[in-house]
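J.: The structure's right below; bear with me while I get my questions together.
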Amino acid sequence: MTQTVLPTKAVDNWEGIRDEWIESVEQLVRDAEIWARKQDWAVRRDAKTLREDRLGQYTVPRLLIQATAGRLLLDPVARYVPGAMGVVDLYVLPSYDAVMISRADDGWRLHPIGADEVSQPWSEDAFVRTAIQLLATA
């Protein structure tokens, strides 16, 4: 049985903020799942439990992607991070080289591998291109 862990430093409307964050991560994972399957990459979801002082303990999905060239993991990090409204990492396994996907008022943004490149809106093209670049570095 899972025990509920309440926030230790709760923000106003923490339950609403938590639920909205979980739904946003769900949508991000759904997008990646659909786009990965279009590439004939196998996918498997599982649950990840996060604990944040402001939101308590909660569960979000994460996604393991098996591409021809290797494996990737779409892994939620936290809702409360400096400079964003949440972060999810896209790792290549087993090296754990990663790119960050941050959430802002206008939606998710993928931060590319090259430091000189600017972040781009979350899209099928950006996801596939970045995944292929990550797999090439493994």
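Identifiers for the structure tokens are assigned positionally: chains receive A, B, ... in sequence, residues are indexed from 1 per chain, and ligands are indexed from 1 in the order shown.
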For the structure I just gave you, how does DSSP split segment 11-81 of chain A - specifically, which residues are strand (DSSP E or B)? Reply as an MDAnalysis selection string.
T.: chainID A and resid 42:52 56:67 70:78 81
J.: What would the file look like if the residues just selected were written as a short mmCIF file (atom, residue, chain, number, x, y, z; two decimals), in the first residue's frame with N, CA and C atoms?
T.:
data_model
loop_
_atom_site.label_atom_id
_atom_site.label_comp_id
_atom_site.auth_asym_id
_atom_site.auth_seq_id
_atom_site.Cartn_x
_atom_site.Cartn_y
_atom_site.Cartn_z
N ALA A 42 10.46 0.81 -30.30
CA ALA A 42 9.63 0.21 -29.26
C ALA A 42 9.62 1.14 -28.04
N VAL A 43 8.50 1.17 -27.34
CA VAL A 43 8.38 2.02 -26.15
C VAL A 43 7.79 1.22 -24.99
N ARG A 44 8.17 1.61 -23.81
CA ARG A 44 7.60 1.02 -22.60
C ARG A 44 7.49 2.10 -21.53
N ARG A 45 6.29 2.24 -21.00
CA ARG A 45 6.04 3.19 -19.91
C ARG A 45 6.20 2.50 -18.57
N ASP A 46 6.64 3.27 -17.60
CA ASP A 46 6.53 2.83 -16.21
C ASP A 46 6.32 4.07 -15.35
N ALA A 47 6.11 3.84 -14.09
CA ALA A 47 5.80 4.94 -13.18
C ALA A 47 7.05 5.35 -12.41
N LYS A 48 7.14 6.63 -12.15
CA LYS A 48 8.23 7.17 -11.34
C LYS A 48 7.61 7.98 -10.21
N THR A 49 8.06 7.73 -9.00
CA THR A 49 7.58 8.48 -7.85
C THR A 49 8.54 9.62 -7.56
N LEU A 50 7.99 10.82 -7.49
CA LEU A 50 8.77 12.01 -7.15
C LEU A 50 8.29 12.55 -5.81
N ARG A 51 9.17 13.20 -5.11
CA ARG A 51 8.82 13.85 -3.86
C ARG A 51 9.42 15.25 -3.87
N GLU A 52 8.54 16.24 -3.73
CA GLU A 52 8.98 17.63 -3.69
C GLU A 52 8.41 18.29 -2.45
N GLY A 56 4.62 17.46 -2.21
CA GLY A 56 4.51 16.14 -1.60
C GLY A 56 4.99 15.06 -2.55
N GLN A 57 4.51 13.86 -2.33
CA GLN A 57 4.90 12.71 -3.14
C GLN A 57 3.81 12.44 -4.18
N TYR A 58 4.23 12.16 -5.41
CA TYR A 58 3.28 11.89 -6.48
C TYR A 58 3.95 11.00 -7.53
N THR A 59 3.15 10.47 -8.43
CA THR A 59 3.66 9.55 -9.45
C THR A 59 3.40 10.13 -10.84
N VAL A 60 4.42 10.05 -11.67
CA VAL A 60 4.33 10.49 -13.07
C VAL A 60 4.85 9.35 -13.96
N PRO A 61 4.49 9.38 -15.25
CA PRO A 61 5.02 8.35 -16.15
C PRO A 61 6.41 8.73 -16.64
N ARG A 62 7.18 7.71 -16.97
CA ARG A 62 8.42 7.92 -17.71
C ARG A 62 8.40 6.93 -18.86
N LEU A 63 9.26 7.13 -19.84
CA LEU A 63 9.18 6.35 -21.06
C LEU A 63 10.55 5.84 -21.46
N LEU A 64 10.66 4.53 -21.62
CA LEU A 64 11.86 3.90 -22.16
C LEU A 64 11.63 3.69 -23.64
N ILE A 65 12.57 4.12 -24.45
CA ILE A 65 12.45 4.04 -25.90
C ILE A 65 13.60 3.18 -26.42
N GLN A 66 13.27 2.13 -27.16
CA GLN A 66 14.28 1.26 -27.76
C GLN A 66 14.31 1.55 -29.26
N ALA A 67 15.33 2.28 -29.68
CA ALA A 67 15.52 2.58 -31.10
C ALA A 67 16.52 1.57 -31.67
N GLY A 70 19.95 2.33 -30.23
CA GLY A 70 20.17 2.34 -28.78
C GLY A 70 18.90 2.65 -28.01
N ARG A 71 19.09 2.93 -26.71
CA ARG A 71 17.95 3.19 -25.83
C ARG A 71 17.97 4.62 -25.30
N LEU A 72 16.76 5.15 -25.12
CA LEU A 72 16.57 6.49 -24.56
C LEU A 72 15.60 6.39 -23.40
N LEU A 73 15.71 7.31 -22.47
CA LEU A 73 14.79 7.38 -21.34
C LEU A 73 14.29 8.81 -21.19
N LEU A 74 12.97 8.97 -21.29
CA LEU A 74 12.32 10.26 -21.04
C LEU A 74 11.93 10.25 -19.56
N ASP A 75 12.63 11.06 -18.76
CA ASP A 75 12.59 10.93 -17.31
C ASP A 75 12.24 12.26 -16.62
N PRO A 76 11.02 12.36 -16.06
CA PRO A 76 10.65 13.58 -15.33
C PRO A 76 11.57 13.83 -14.13
N VAL A 77 11.92 15.11 -13.93
CA VAL A 77 12.83 15.47 -12.85
C VAL A 77 12.08 16.15 -11.70
N ALA A 78 11.41 17.26 -11.97
CA ALA A 78 10.72 18.00 -10.91
C ALA A 78 9.86 19.09 -11.51
N VAL A 81 11.77 23.97 -10.32
CA VAL A 81 13.18 24.12 -10.66
C VAL A 81 13.41 25.60 -11.00
#
J.: Taking only chain A into account, list the residues labelled alpha helix (DSSP H) by DSSP (computed from the backbone), as a VMD selection string.
T.: chain A and resid 14 to 38 124 to 137
J.: For the residues selected in the previous step, produce a file with C-alpha atoms as a PDB file, in the first residue's frame.
T.:
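As written to disk, selection06.pdb reads:
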ATOM      1  CA  TRP A  14      -0.560  22.670  -4.257  1.00  0.00           C
ATOM      2  CA  GLU A  15      -2.976  19.891  -5.222  1.00  0.00           C
ATOM      3  CA  GLY A  16      -4.146  21.768  -8.323  1.00  0.00           C
ATOM      4  CA  ILE A  17      -0.575  22.643  -9.307  1.00  0.00           C
ATOM      5  CA  ARG A  18       0.511  19.019  -8.783  1.00  0.00           C
ATOM      6  CA  ASP A  19      -2.396  17.648 -10.829  1.00  0.00           C
ATOM      7  CA  GLU A  20      -1.777  20.114 -13.669  1.00  0.00           C
ATOM      8  CA  TRP A  21       1.942  19.209 -13.682  1.00  0.00           C
ATOM      9  CA  ILE A  22       1.166  15.469 -13.794  1.00  0.00           C
ATOM     10  CA  GLU A  23      -1.228  16.001 -16.736  1.00  0.00           C
ATOM     11  CA  SER A  24       1.399  18.058 -18.559  1.00  0.00           C
ATOM     12  CA  VAL A  25       3.987  15.282 -18.110  1.00  0.00           C
ATOM     13  CA  GLU A  26       1.380  12.712 -19.241  1.00  0.00           C
ATOM     14  CA  GLN A  27       0.864  14.679 -22.462  1.00  0.00           C
ATOM     15  CA  LEU A  28       4.610  15.011 -23.065  1.00  0.00           C
ATOM     16  CA  VAL A  29       5.054  11.244 -22.627  1.00  0.00           C
ATOM     17  CA  ARG A  30       2.056  10.532 -24.914  1.00  0.00           C
ATOM     18  CA  ASP A  31       3.580  12.747 -27.607  1.00  0.00           C
ATOM     19  CA  ALA A  32       6.972  11.036 -27.367  1.00  0.00           C
ATOM     20  CA  GLU A  33       5.327   7.607 -27.365  1.00  0.00           C
ATOM     21  CA  ILE A  34       3.404   8.354 -30.583  1.00  0.00           C
ATOM     22  CA  TRP A  35       6.388   9.938 -32.308  1.00  0.00           C
ATOM     23  CA  ALA A  36       8.744   7.110 -31.308  1.00  0.00           C
ATOM     24  CA  ARG A  37       6.324   4.492 -32.644  1.00  0.00           C
ATOM     25  CA  LYS A  38       6.185   6.379 -35.954  1.00  0.00           C
ATOM     26  CA  GLU A 124       7.795  15.777 -33.431  1.00  0.00           C
ATOM     27  CA  ASP A 125      10.632  17.076 -35.595  1.00  0.00           C
ATOM     28  CA  ALA A 126      12.593  18.468 -32.633  1.00  0.00           C
ATOM     29  CA  PHE A 127      12.086  15.268 -30.618  1.00  0.00           C
ATOM     30  CA  VAL A 128      13.146  12.891 -33.417  1.00  0.00           C
ATOM     31  CA  ARG A 129      16.122  15.010 -34.472  1.00  0.00           C
ATOM     32  CA  THR A 130      17.365  15.340 -30.883  1.00  0.00           C
ATOM     33  CA  ALA A 131      16.840  11.631 -30.152  1.00  0.00           C
ATOM     34  CA  ILE A 132      18.879  10.687 -33.229  1.00  0.00           C
ATOM     35  CA  GLN A 133      21.637  13.126 -32.215  1.00  0.00           C
ATOM     36  CA  LEU A 134      21.718  11.677 -28.687  1.00  0.00           C
ATOM     37  CA  LEU A 135      21.882   8.124 -30.012  1.00  0.00           C
ATOM     38  CA  ALA A 136      24.786   9.110 -32.279  1.00  0.00           C
ATOM     39  CA  THR A 137      26.772  10.284 -29.239  1.00  0.00           C
TER      40      THR A 137
END
J.: Between A:Gln39, A:Asp12, A:Ala138, A:Asp53, which one has atoms that come closest to Pro94 of chain A, using only C-alpha atoms?
T.: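 Counting only C-alpha atoms, the residue closest to Pro94 of chain A is A:Ala138.
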J.: Just want the 10 Å neighbourhood of Ala104 of chain A, counted on only C-alpha atoms, with same-chain residues fewer than 6 positions away dropped. Output as a PyMOL selection string.
T.: chain A and resi 83-87
J.: Would you write out those residues with all heavy atoms, as a PDB file, in the first residue's frame?
T.:
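In the end it all went to selection37.pdb:
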ATOM      1  N   GLY A  83      13.992  28.840 -12.958  1.00  0.00           N
ATOM      2  CA  GLY A  83      13.880  29.291 -14.334  1.00  0.00           C
ATOM      3  C   GLY A  83      12.895  28.542 -15.213  1.00  0.00           C
ATOM      4  O   GLY A  83      12.852  28.787 -16.416  1.00  0.00           O
ATOM      5  N   ALA A  84      12.127  27.616 -14.658  1.00  0.00           N
ATOM      6  CA  ALA A  84      11.172  26.860 -15.478  1.00  0.00           C
ATOM      7  C   ALA A  84      10.004  26.420 -14.609  1.00  0.00           C
ATOM      8  O   ALA A  84      10.051  26.502 -13.384  1.00  0.00           O
ATOM      9  CB  ALA A  84      11.850  25.652 -16.106  1.00  0.00           C
ATOM     10  N   MET A  85       8.974  25.921 -15.274  1.00  0.00           N
ATOM     11  CA  MET A  85       7.793  25.396 -14.578  1.00  0.00           C
ATOM     12  C   MET A  85       7.830  23.866 -14.572  1.00  0.00           C
ATOM     13  O   MET A  85       6.800  23.213 -14.577  1.00  0.00           O
ATOM     14  CB  MET A  85       6.526  25.891 -15.277  1.00  0.00           C
ATOM     15  CG  MET A  85       6.351  27.388 -15.200  1.00  0.00           C
ATOM     16  SD  MET A  85       5.017  28.006 -16.267  1.00  0.00           S
ATOM     17  CE  MET A  85       3.626  27.016 -15.776  1.00  0.00           C
ATOM     18  N   GLY A  86       9.039  23.333 -14.604  1.00  0.00           N
ATOM     19  CA  GLY A  86       9.233  21.896 -14.573  1.00  0.00           C
ATOM     20  C   GLY A  86      10.280  21.465 -15.579  1.00  0.00           C
ATOM     21  O   GLY A  86      10.541  22.167 -16.561  1.00  0.00           O
ATOM     22  N   VAL A  87      10.888  20.300 -15.307  1.00  0.00           N
ATOM     23  CA  VAL A  87      11.928  19.771 -16.182  1.00  0.00           C
ATOM     24  C   VAL A  87      11.760  18.264 -16.334  1.00  0.00           C
ATOM     25  O   VAL A  87      11.467  17.552 -15.364  1.00  0.00           O
ATOM     26  CB  VAL A  87      13.344  20.076 -15.629  1.00  0.00           C
ATOM     27  CG1 VAL A  87      14.423  19.275 -16.335  1.00  0.00           C
ATOM     28  CG2 VAL A  87      13.648  21.559 -15.737  1.00  0.00           C
TER      29      VAL A  87
END
